[in-house]
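K.L.:
Coordinates in entry-v5.txt, compact mmCIF, C-alpha atoms, are listed below.
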```txt
# COMPACT_ATOMS: atom_id res chain seq x y z
CA MET A 171 -19.44 -8.45 -15.82
CA SER A 172 -22.91 -9.18 -17.20
CA ILE A 173 -26.14 -10.21 -15.53
CA VAL A 174 -28.79 -12.42 -17.13
CA THR A 175 -32.28 -11.50 -15.92
CA VAL A 176 -34.93 -14.22 -15.73
CA GLN A 177 -38.48 -12.82 -15.77
CA LEU A 178 -41.01 -15.33 -14.42
CA GLY A 179 -44.78 -15.16 -14.63
CA GLN A 180 -46.98 -12.10 -15.08
CA CYS A 181 -45.38 -10.30 -12.13
CA GLY A 182 -41.79 -10.97 -13.22
CA ASN A 183 -42.37 -10.02 -16.85
CA GLN A 184 -44.19 -6.79 -16.12
CA ILE A 185 -41.61 -5.65 -13.55
CA GLY A 186 -38.75 -6.84 -15.74
CA PHE A 187 -39.86 -4.62 -18.60
CA GLU A 188 -40.03 -1.58 -16.32
CA VAL A 189 -36.57 -2.36 -14.90
CA PHE A 190 -34.91 -2.51 -18.34
CA ASP A 191 -36.79 0.61 -19.44
CA ALA A 192 -35.63 2.48 -16.33
CA LEU A 193 -32.02 1.33 -16.81
CA PHE A 194 -31.97 2.37 -20.46
CA SER A 195 -33.64 5.72 -19.75
CA ASP A 196 -31.21 6.48 -16.95
CA SER A 197 -28.13 5.63 -19.01
CA HIS A 198 -29.29 8.10 -21.68
CA CYS A 199 -30.21 10.92 -19.30
CA PRO A 200 -28.20 14.18 -19.27
CA GLN A 201 -24.92 13.65 -17.47
CA GLY A 202 -25.47 16.26 -14.77
CA LEU A 203 -22.35 16.79 -12.68
CA CYS A 204 -20.34 14.17 -14.56
CA SER A 205 -17.94 14.94 -17.36
CA LYS A 206 -18.68 13.67 -20.85
CA ARG A 207 -15.99 11.00 -20.48
CA GLU A 208 -17.43 9.82 -17.18
CA ASN A 209 -20.93 9.68 -18.59
CA GLU A 210 -19.76 7.65 -21.58
CA ALA A 211 -18.08 5.20 -19.20
CA TYR A 212 -21.32 5.00 -17.20
CA GLN A 213 -23.33 4.21 -20.32
CA ALA A 214 -20.83 1.58 -21.44
CA SER A 215 -20.89 -0.10 -18.02
CA CYS A 216 -24.69 -0.22 -17.99
CA LYS A 217 -24.85 -1.60 -21.52
CA GLU A 218 -22.28 -4.31 -20.83
CA ARG A 219 -24.11 -5.50 -17.73
CA PHE A 220 -27.74 -5.45 -18.87
CA PHE A 221 -27.76 -5.34 -22.69
CA SER A 222 -26.07 -7.43 -25.36
CA GLU A 223 -25.27 -6.81 -29.03
CA GLU A 224 -27.51 -4.52 -31.01
CA GLU A 225 -30.00 -5.64 -33.64
CA ASN A 226 -30.72 -2.94 -36.23
CA GLY A 227 -29.07 -0.42 -33.92
CA VAL A 228 -31.25 -1.32 -30.93
CA PRO A 229 -29.69 -2.82 -27.73
CA ILE A 230 -31.04 -6.23 -26.71
CA ALA A 231 -31.84 -6.93 -23.05
CA ARG A 232 -29.94 -9.81 -21.47
CA ALA A 233 -33.15 -11.52 -20.40
CA VAL A 234 -35.18 -14.70 -20.59
CA LEU A 235 -38.96 -14.36 -20.36
CA VAL A 236 -40.96 -17.30 -18.99
CA ASP A 237 -44.69 -17.64 -18.49
CA MET A 238 -47.35 -20.33 -18.74
CA GLU A 239 -49.36 -18.56 -21.41
CA PRO A 240 -48.42 -16.15 -24.20
CA LYS A 241 -50.57 -13.11 -23.40
CA VAL A 242 -48.30 -11.31 -20.91
CA ILE A 243 -45.11 -12.20 -22.78
CA ASN A 244 -46.55 -10.94 -26.07
CA GLN A 245 -47.59 -7.69 -24.37
CA THR A 246 -44.12 -7.31 -22.85
CA LEU A 247 -42.35 -7.97 -26.16
CA SER A 248 -44.65 -5.55 -27.96
CA LYS A 249 -44.08 -2.73 -25.46
CA ALA A 250 -40.30 -3.11 -25.74
CA ALA A 251 -40.39 -3.23 -29.55
CA HIS A 252 -42.65 -0.19 -29.82
CA SER A 253 -40.36 1.83 -27.54
CA GLY A 254 -37.84 1.89 -30.38
CA ARG A 255 -35.03 2.31 -27.84
CA TRP A 256 -34.27 -1.24 -26.73
CA ASN A 257 -35.76 -4.69 -27.30
CA TYR A 258 -35.85 -8.29 -26.18
CA GLY A 259 -34.18 -11.02 -28.25
CA GLN A 260 -36.22 -12.92 -30.82
CA HIS A 261 -35.61 -16.24 -29.10
CA SER A 262 -35.55 -15.23 -25.45
CA CYS A 263 -39.01 -16.34 -24.29
CA PHE A 264 -40.80 -19.53 -23.40
CA CYS A 265 -44.51 -19.94 -22.93
CA GLN A 266 -46.75 -22.98 -22.83
CA LYS A 267 -50.48 -22.92 -22.32
CA GLN A 268 -51.18 -24.54 -18.96
CA GLY A 269 -54.34 -26.36 -18.06
CA SER A 270 -54.30 -26.72 -14.30
CA GLY A 271 -55.13 -23.28 -12.97
CA ASN A 272 -52.89 -21.07 -10.87
CA ASN A 273 -51.19 -23.66 -8.71
CA TRP A 274 -47.78 -23.47 -6.99
CA ALA A 275 -47.38 -27.25 -6.86
CA TYR A 276 -48.17 -27.56 -10.57
CA GLY A 277 -45.50 -25.01 -11.41
CA TYR A 278 -42.85 -26.64 -9.22
CA SER A 279 -43.59 -30.35 -9.64
CA VAL A 280 -45.12 -30.61 -13.12
CA HIS A 281 -44.55 -27.59 -15.33
CA GLY A 282 -40.96 -27.04 -14.21
CA PRO A 283 -39.67 -30.58 -14.78
CA ARG A 284 -41.66 -30.93 -18.01
CA HIS A 285 -40.10 -27.84 -19.60
CA GLU A 286 -36.79 -27.74 -17.74
CA GLU A 287 -34.69 -28.45 -20.82
CA SER A 288 -36.32 -25.76 -22.97
CA ILE A 289 -36.04 -23.08 -20.30
CA MET A 290 -32.46 -23.89 -19.35
CA ASN A 291 -31.44 -23.93 -23.01
CA LEU A 292 -32.74 -20.38 -23.40
CA ILE A 293 -30.81 -19.32 -20.31
CA GLN A 294 -27.64 -21.00 -21.61
CA LYS A 295 -27.92 -19.11 -24.91
CA GLU A 296 -28.05 -15.82 -23.01
CA VAL A 297 -25.11 -16.85 -20.84
CA GLU A 298 -23.06 -17.66 -23.95
CA LYS A 299 -23.53 -14.07 -25.15
CA CYS A 300 -21.76 -12.76 -22.03
CA ASP A 301 -18.01 -12.17 -22.13
CA SER A 302 -17.99 -12.51 -18.34
CA LEU A 303 -21.03 -13.70 -16.38
CA ASN A 304 -21.59 -12.08 -12.99
CA GLY A 305 -24.80 -13.93 -12.17
CA PHE A 306 -28.56 -14.10 -12.50
CA PHE A 307 -31.29 -11.72 -11.43
CA ILE A 308 -34.59 -13.59 -11.07
CA ILE A 309 -37.78 -11.50 -10.85
CA MET A 310 -40.90 -13.26 -9.59
CA SER A 311 -43.91 -13.11 -7.30
CA MET A 312 -43.66 -14.74 -3.89
CA ALA A 313 -47.33 -15.58 -3.41
CA GLY A 314 -48.49 -16.20 -6.96
CA GLY A 315 -49.42 -19.65 -8.16
CA THR A 316 -47.76 -21.52 -11.01
CA GLY A 317 -45.20 -18.77 -11.71
CA SER A 318 -43.91 -18.81 -8.14
CA GLY A 319 -43.59 -22.58 -8.13
CA LEU A 320 -41.81 -22.51 -11.46
CA GLY A 321 -39.58 -19.68 -10.19
CA ALA A 322 -38.51 -21.77 -7.21
CA PHE A 323 -37.81 -24.70 -9.53
CA ALA A 324 -35.84 -22.57 -12.01
CA THR A 325 -33.71 -21.00 -9.26
CA GLN A 326 -32.88 -24.48 -7.98
CA ASN A 327 -31.76 -25.48 -11.48
CA LEU A 328 -29.61 -22.37 -11.79
CA GLN A 329 -27.94 -23.28 -8.52
CA ASP A 330 -27.25 -26.80 -9.81
CA GLN A 331 -25.88 -25.70 -13.20
CA TYR A 332 -24.23 -22.37 -12.28
CA SER A 333 -23.16 -22.91 -8.70
CA ASN A 334 -20.32 -20.38 -8.91
CA SER A 335 -22.50 -17.55 -10.24
CA LEU A 336 -24.57 -15.25 -8.06
CA LYS A 337 -28.31 -15.98 -7.94
CA MET A 338 -30.30 -13.00 -6.68
CA ASN A 339 -34.10 -13.19 -6.50
CA GLN A 340 -36.27 -10.10 -6.41
CA ILE A 341 -39.59 -11.11 -4.87
CA ILE A 342 -42.81 -9.22 -4.29
CA TRP A 343 -44.28 -9.58 -0.81
CA PRO A 344 -48.08 -9.89 -1.13
CA TYR A 345 -50.63 -7.41 0.15
CA GLY A 346 -51.55 -8.13 3.76
CA THR A 347 -55.23 -8.07 2.88
CA GLY A 348 -54.74 -11.00 0.53
CA GLU A 349 -54.68 -11.56 -3.21
CA VAL A 350 -55.34 -15.30 -3.42
CA ILE A 351 -56.75 -17.58 -0.75
CA VAL A 352 -53.63 -19.75 -0.61
CA GLN A 353 -51.07 -16.93 -0.79
CA ASN A 354 -49.61 -17.82 2.60
CA TYR A 355 -49.01 -21.43 1.52
CA ASN A 356 -47.41 -20.22 -1.70
CA SER A 357 -45.25 -17.76 0.23
CA ILE A 358 -43.80 -20.25 2.69
CA LEU A 359 -43.10 -22.77 -0.07
CA THR A 360 -41.43 -20.13 -2.24
CA LEU A 361 -39.34 -18.67 0.59
CA SER A 362 -38.17 -22.01 1.94
CA HIS A 363 -37.08 -23.25 -1.49
CA LEU A 364 -35.32 -19.99 -2.38
CA TYR A 365 -33.55 -20.02 0.99
CA ARG A 366 -31.84 -23.23 -0.12
CA SER A 367 -30.96 -22.22 -3.67
CA SER A 368 -30.66 -18.42 -3.89
CA ASP A 369 -27.70 -16.33 -2.73
CA ALA A 370 -29.82 -13.31 -1.85
CA LEU A 371 -33.44 -12.20 -1.77
CA LEU A 372 -34.38 -8.60 -2.49
CA VAL A 373 -37.83 -8.08 -1.01
CA HIS A 374 -40.37 -5.40 -1.86
CA GLU A 375 -43.66 -5.22 0.01
CA ASN A 376 -46.70 -4.38 -2.09
CA ASP A 377 -48.24 -2.48 0.82
CA ALA A 378 -45.15 -0.30 1.26
CA VAL A 379 -44.85 0.53 -2.44
CA HIS A 380 -48.58 1.26 -2.57
CA LYS A 381 -48.11 3.84 0.21
CA ILE A 382 -45.28 5.49 -1.74
CA CYS A 383 -47.59 5.86 -4.74
CA ALA A 384 -50.45 7.24 -2.63
CA LYS A 385 -48.68 9.47 -0.11
CA LEU A 386 -45.43 10.56 -1.76
CA MET A 387 -46.47 10.58 -5.41
CA ASN A 388 -50.10 11.56 -4.77
CA ILE A 389 -51.48 9.08 -7.32
CA LYS A 390 -55.25 8.84 -6.89
CA GLN A 391 -55.96 5.63 -8.80
CA ILE A 392 -52.92 3.41 -8.37
CA SER A 393 -52.29 0.85 -11.09
CA PHE A 394 -49.90 -2.07 -11.14
CA ARG A 395 -47.79 -0.16 -13.63
CA ASP A 396 -47.43 2.70 -11.13
CA ILE A 397 -46.22 0.20 -8.53
CA ASN A 398 -43.91 -1.54 -11.00
CA GLN A 399 -42.32 1.75 -12.06
CA VAL A 400 -41.52 2.60 -8.42
CA LEU A 401 -39.96 -0.83 -8.02
CA ALA A 402 -37.97 -0.40 -11.23
CA HIS A 403 -36.56 2.96 -10.15
CA GLN A 404 -35.55 1.55 -6.77
CA LEU A 405 -33.84 -1.43 -8.39
CA GLY A 406 -32.19 0.70 -11.05
CA SER A 407 -30.77 3.12 -8.49
CA VAL A 408 -29.18 0.14 -6.74
CA PHE A 409 -27.84 -1.75 -9.74
CA GLN A 410 -26.43 1.05 -11.86
CA PRO A 411 -22.65 1.50 -11.53
CA THR A 412 -20.89 3.83 -9.12
CA TYR A 413 -17.75 5.81 -9.84
CA SER A 414 -14.53 4.61 -8.23
CA GLU A 415 -11.67 6.72 -6.93
CA GLU A 416 -9.50 5.24 -9.68
CA GLY A 417 -11.59 7.09 -12.24
CA SER A 418 -13.85 4.42 -13.71
CA PHE A 419 -17.34 3.15 -13.14
CA HIS A 420 -17.41 -0.24 -11.55
CA TYR A 421 -19.52 -3.10 -10.29
CA ARG A 422 -18.63 -5.78 -7.81
CA ARG A 423 -18.97 -9.53 -8.15
CA ASN A 424 -21.60 -9.29 -5.43
CA PRO A 425 -23.62 -6.38 -6.87
CA LEU A 426 -24.62 -5.20 -3.42
CA GLY A 427 -21.37 -5.97 -1.67
CA ILE A 428 -23.00 -6.86 1.66
CA ASP A 429 -23.13 -9.85 3.95
CA TRP A 430 -26.29 -11.93 3.44
CA GLN A 431 -25.41 -14.65 5.96
CA VAL A 432 -27.58 -15.01 9.06
CA ARG A 433 -26.11 -17.18 11.80
CA PRO A 434 -28.20 -20.03 13.24
CA PRO A 435 -30.23 -19.41 16.41
CA LEU A 436 -28.46 -19.80 19.73
CA SER A 437 -31.25 -21.74 21.39
CA GLY A 438 -33.54 -24.59 20.44
CA LEU A 439 -36.23 -24.18 17.85
CA PRO A 440 -39.55 -23.02 19.33
CA THR A 441 -42.68 -24.76 18.09
CA ARG A 442 -45.32 -22.95 16.10
CA GLY A 443 -48.08 -21.77 18.35
CA LYS A 444 -45.80 -21.30 21.32
CA MET A 445 -43.37 -18.93 19.70
CA SER A 446 -43.94 -15.22 20.08
CA LEU A 447 -41.92 -12.18 19.14
CA ASN A 448 -41.62 -11.13 22.77
CA LYS A 449 -39.08 -8.41 22.07
CA GLU A 450 -40.55 -5.22 20.68
CA PHE A 451 -38.12 -3.85 18.14
CA HIS A 452 -37.61 -0.09 18.56
CA PHE A 453 -35.42 -0.28 15.47
CA ASN A 454 -34.26 -3.08 13.20
CA THR A 455 -30.99 -4.65 14.26
CA SER A 456 -28.86 -5.17 11.15
CA ILE A 457 -26.01 -7.35 10.02
CA ALA A 458 -25.35 -5.25 6.93
CA ASN A 459 -26.38 -1.88 5.49
CA LEU A 460 -25.42 -0.40 2.14
CA VAL A 461 -26.21 3.23 1.25
CA ILE A 462 -25.90 4.34 -2.38
CA LEU A 463 -25.83 8.10 -3.02
CA ARG A 464 -26.17 9.57 -6.50
CA GLY A 465 -26.16 13.11 -7.83
CA LYS A 466 -25.73 16.48 -6.15
CA ASP A 467 -24.05 16.92 -2.75
CA VAL A 468 -23.17 13.22 -2.33
CA HIS A 469 -19.77 13.96 -0.82
CA SER A 470 -21.19 16.27 1.84
CA ALA A 471 -23.94 13.88 2.99
CA GLU A 472 -23.77 13.09 6.71
CA LEU A 473 -23.89 9.32 7.26
CA GLY A 474 -22.56 9.09 10.80
CA ALA A 475 -25.84 7.69 12.15
CA PHE A 476 -25.34 4.53 10.10
CA LYS A 477 -22.13 3.86 12.03
CA ASP A 478 -23.89 3.74 15.39
CA PRO A 479 -23.05 0.35 16.99
CA ALA A 480 -26.59 0.20 18.40
CA LEU A 481 -27.88 -0.45 14.87
CA TYR A 482 -25.94 -3.68 14.55
CA THR A 483 -25.82 -7.03 16.22
CA SER A 484 -23.37 -7.22 19.12
CA TRP A 485 -20.90 -9.46 17.33
CA LEU A 486 -20.35 -7.06 14.40
CA GLU A 487 -18.43 -3.81 14.32
CA PRO A 488 -20.07 -1.10 12.16
CA VAL A 489 -16.91 -0.84 10.06
CA HIS A 490 -17.56 -4.42 8.90
CA ALA A 491 -21.32 -4.02 8.48
CA PHE A 492 -21.77 -0.64 6.80
CA SER A 493 -20.81 0.34 3.26
CA VAL A 494 -21.45 3.48 1.25
CA TRP A 495 -21.15 4.04 -2.50
CA LYS A 496 -21.19 7.55 -3.97
CA THR A 497 -21.28 9.00 -7.45
CA GLN A 498 -22.03 12.48 -8.75
CA ARG A 499 -23.70 10.89 -11.75
CA ALA A 500 -27.40 11.37 -10.96
CA PHE A 501 -29.95 8.60 -11.48
CA SER A 502 -32.67 9.21 -14.07
CA LYS A 503 -34.46 12.54 -13.65
CA TYR A 504 -33.61 12.98 -9.99
CA GLU A 505 -31.21 15.73 -8.96
CA LYS A 506 -30.03 13.53 -6.12
CA SER A 507 -31.13 10.22 -4.70
CA ALA A 508 -30.30 7.77 -1.92
CA ALA A 509 -30.95 4.05 -1.75
CA LEU A 510 -30.63 1.82 1.31
CA VAL A 511 -30.22 -1.95 1.05
CA SER A 512 -30.41 -3.55 4.46
CA ASN A 513 -30.12 -7.06 5.82
CA SER A 514 -31.97 -6.60 9.08
CA GLN A 515 -34.93 -7.61 11.22
CA PHE A 516 -37.29 -5.57 9.06
CA LEU A 517 -39.21 -8.59 7.76
CA VAL A 518 -39.35 -10.59 10.99
CA LYS A 519 -42.90 -9.60 11.87
CA PRO A 520 -44.33 -9.88 8.32
CA LEU A 521 -42.67 -13.28 7.94
CA ASP A 522 -43.92 -14.46 11.31
CA THR A 523 -47.43 -13.35 10.33
CA ILE A 524 -47.37 -15.26 7.04
CA VAL A 525 -45.98 -18.39 8.67
CA GLY A 526 -48.61 -18.18 11.41
CA LYS A 527 -51.49 -17.82 8.97
CA ALA A 528 -50.18 -20.67 6.83
CA TRP A 529 -49.83 -22.87 9.92
CA ASN A 530 -53.41 -22.21 10.99
CA MET A 531 -54.64 -23.25 7.56
CA PHE A 532 -52.37 -26.28 7.51
CA ALA A 533 -53.52 -27.41 10.96
CA SER A 534 -57.09 -27.57 9.63
CA LYS A 535 -55.94 -29.24 6.37
CA ALA A 536 -57.44 -26.41 4.35
CA TYR A 537 -56.68 -26.59 0.60
CA ILE A 538 -53.90 -29.16 1.10
CA HIS A 539 -55.42 -31.31 -1.64
CA GLN A 540 -54.56 -28.62 -4.21
CA TYR A 541 -50.90 -29.34 -3.52
CA THR A 542 -50.84 -33.08 -2.79
CA LYS A 543 -52.47 -33.89 -6.14
CA PHE A 544 -49.36 -32.47 -7.82
CA GLY A 545 -46.79 -34.11 -5.57
CA ILE A 546 -46.25 -31.60 -2.74
CA GLU A 547 -46.82 -33.68 0.40
CA GLU A 548 -47.59 -32.62 3.95
CA GLU A 549 -43.99 -33.40 4.87
CA ASP A 550 -42.87 -30.72 2.39
CA PHE A 551 -45.02 -28.19 4.22
CA LEU A 552 -43.56 -29.25 7.57
CA ASP A 553 -40.02 -28.87 6.22
CA SER A 554 -40.89 -25.35 5.04
CA PHE A 555 -42.36 -24.39 8.41
CA THR A 556 -39.30 -25.71 10.24
CA LEU A 557 -36.84 -23.86 8.02
CA LEU A 558 -38.67 -20.54 8.23
CA GLU A 559 -39.02 -20.83 12.00
CA GLN A 560 -35.24 -21.14 12.10
CA VAL A 561 -34.88 -18.02 9.96
CA ILE A 562 -37.24 -16.09 12.25
CA ALA A 563 -35.36 -17.27 15.34
CA SER A 564 -32.01 -16.31 13.78
CA TYR A 565 -33.14 -12.79 13.00
CA CYS A 566 -34.75 -12.40 16.43
CA ASN A 567 -31.42 -13.33 18.02
CA LEU A 568 -29.65 -10.48 16.21
CA GLY A 569 -30.97 -8.11 18.83
CA PHE A 570 -29.42 -9.92 21.78
```
Represent the structure contained in this file as structure tokens.
P.N.:
Amino acid sequence: MSIVTVQLGQCGNQIGFEVFDALFSDSHCPQGLCSKRENEAYQASCKERFFSEEENGVPIARAVLVDMEPKVINQTLSKAAHSGRWNYGQHSCFCQKQGSGNNWAYGYSVHGPRHEESIMNLIQKEVEKCDSLNGFFIIMSMAGGTGSGLGAFATQNLQDQYSNSLKMNQIIWPYGTGEVIVQNYNSILTLSHLYRSSDALLVHENDAVHKICAKLMNIKQISFRDINQVLAHQLGSVFQPTYSEEGSFHYRRNPLGIDWQVRPPLSGLPTRGKMSLNKEFHFNTSIANLVILRGKDVHSAELGAFKDPALYTSWLEPVHAFSVWKTQRAFSKYEKSAALVSNSQFLVKPLDTIVGKAWNMFASKAYIHQYTKFGIEEEDFLDSFTLLEQVIASYCNLGF
């Protein structure tokens, strides 16, 4: 079961490279506690999922690279080629010099439709190389400009053309201090469109990853590559195969095997400005948790706390909401590692903050003209606010 990765914009292409590099490095690490046969099965499973046929003895990433100008794509292709270990395909990228600045509406309403056929043809070529397609992994920024708009447009097209295949978007939550003046607008537009077309969103917060680099890794001058490598190792530790009791490494059709569905709110929709998160969360109520353990001592790890009913919404039994995968095959250079993927209330407050800031700007009509001139109307903003308010209300209701 193979996955086609779609790398969008500067953020998506830089992270995408680090993800493939981490996956390749891990699959060729010493086998640790695994037998030689088990390690060979692990390598074969990784290669089948993320890499296609070899060119000149070098595996080719199952990926499509998209950006609005060639600089980042050329840098990404060059880094992969110079690694000498794996590479991107010769015809796997699309770039077109854009002339309208970094604008979400331009990416979604102009650039996307204008180059839809070219981009989708590249994706189709990658799909045709797969013996069995599991789905798509789309890597993109949430708050960026044209790339985020194009990412939302591309995901919508994937939903239309590959409705039976999984679409999973990995998005980068912006720094709270702000990167671009309209990042909150871009975020609500991206999230609302992906909510309609994606099957799952994997969210990483820049602030949280930055803290990992500073406090846990003791990096003094943190670069984007440092952050991207942390992200890549987290994603790799989730997506690499686990060993089944039947004696083979396996994946599932849903790579994370958890429930992404959030039920609608029980009460009416509160209006922006009057809504408040009046319940202080002492912990994040969940509807699904997945723990993935790799390496030494995985079978003796104590996971009873994850089965505490207090962690989950009242209408779910822990047995239906908690999963654990274990393998003695270590990930990368780590003797042992644990990854937690959780569908919970963790992002309620950050999401409420972004929606609130975007609403305050919208109420004063700030920067709206940058979007309306490319076809995103005020009604589109209102639709996005309404949808995200419903999401916030749904997650808030998990704790009752």
K.L.:
In Å, rounded to a single decimal, give me how far atom CA of A:Lys381 is from atom CA of A:Val468.
P.N.:
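These two atoms are separated by 26.8 Å.
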K.L.:
Taking the point (-17.0, 0.0, 2.2) as given in the file, collect each protein or nucleic acid residue that comes within 10 Å of it, counting only C-alpha atoms, and present the set as JSON, numbers by chain.
P.N.:
{"A": [427, 428, 460, 461, 489, 490, 491, 492, 493, 494, 495]}
K.L.:
Sorted by chain and rising residue number, which residues of stretch 465-548 of chain A lie within 12 Å of stretch 211-218 of chain A, and what are their closest atom pairs and distances in Å to one decimal, counting all atoms listed in the file, as JSON lines?
P.N.:
```
{"residue": "A:Thr497", "atom": "CA", "partner": "A:Tyr212", "partner_atom": "CA", "distance": 10.5}
{"residue": "A:Gln498", "atom": "CA", "partner": "A:Tyr212", "partner_atom": "CA", "distance": 11.3}
{"residue": "A:Arg499", "atom": "CA", "partner": "A:Tyr212", "partner_atom": "CA", "distance": 8.4}
{"residue": "A:Ala500", "atom": "CA", "partner": "A:Tyr212", "partner_atom": "CA", "distance": 10.8}
{"residue": "A:Phe501", "atom": "CA", "partner": "A:Tyr212", "partner_atom": "CA", "distance": 11.0}
```
K.L.:
Looking at A:Ser362, A:Asn354, A:Ser507, A:Ser484, which one is nearest to A:Val525, with distances taken over only C-alpha atoms?
P.N.:
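Closest to A:Val525, using only C-alpha atoms: A:Asn354.
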K.L.:
Which polymer residues, protein or nucleic acid, are no farther than 9 Å from (-34.5, -9.6, -16.2), counting all atoms listed in the file, as number ranges by chain?
P.N.:
A: 173-178, 182-183, 185-187, 189-190, 220, 231-235, 306-309
K.L.:
Between A:Ile538, A:Gln180, A:Ser302, A:Ala508, which residue has the minimum interatomic distance to A:Gln245, considering all atoms listed in the file?
P.N.:
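With all atoms listed in the file as the atom set, the closest residue is A:Gln180.
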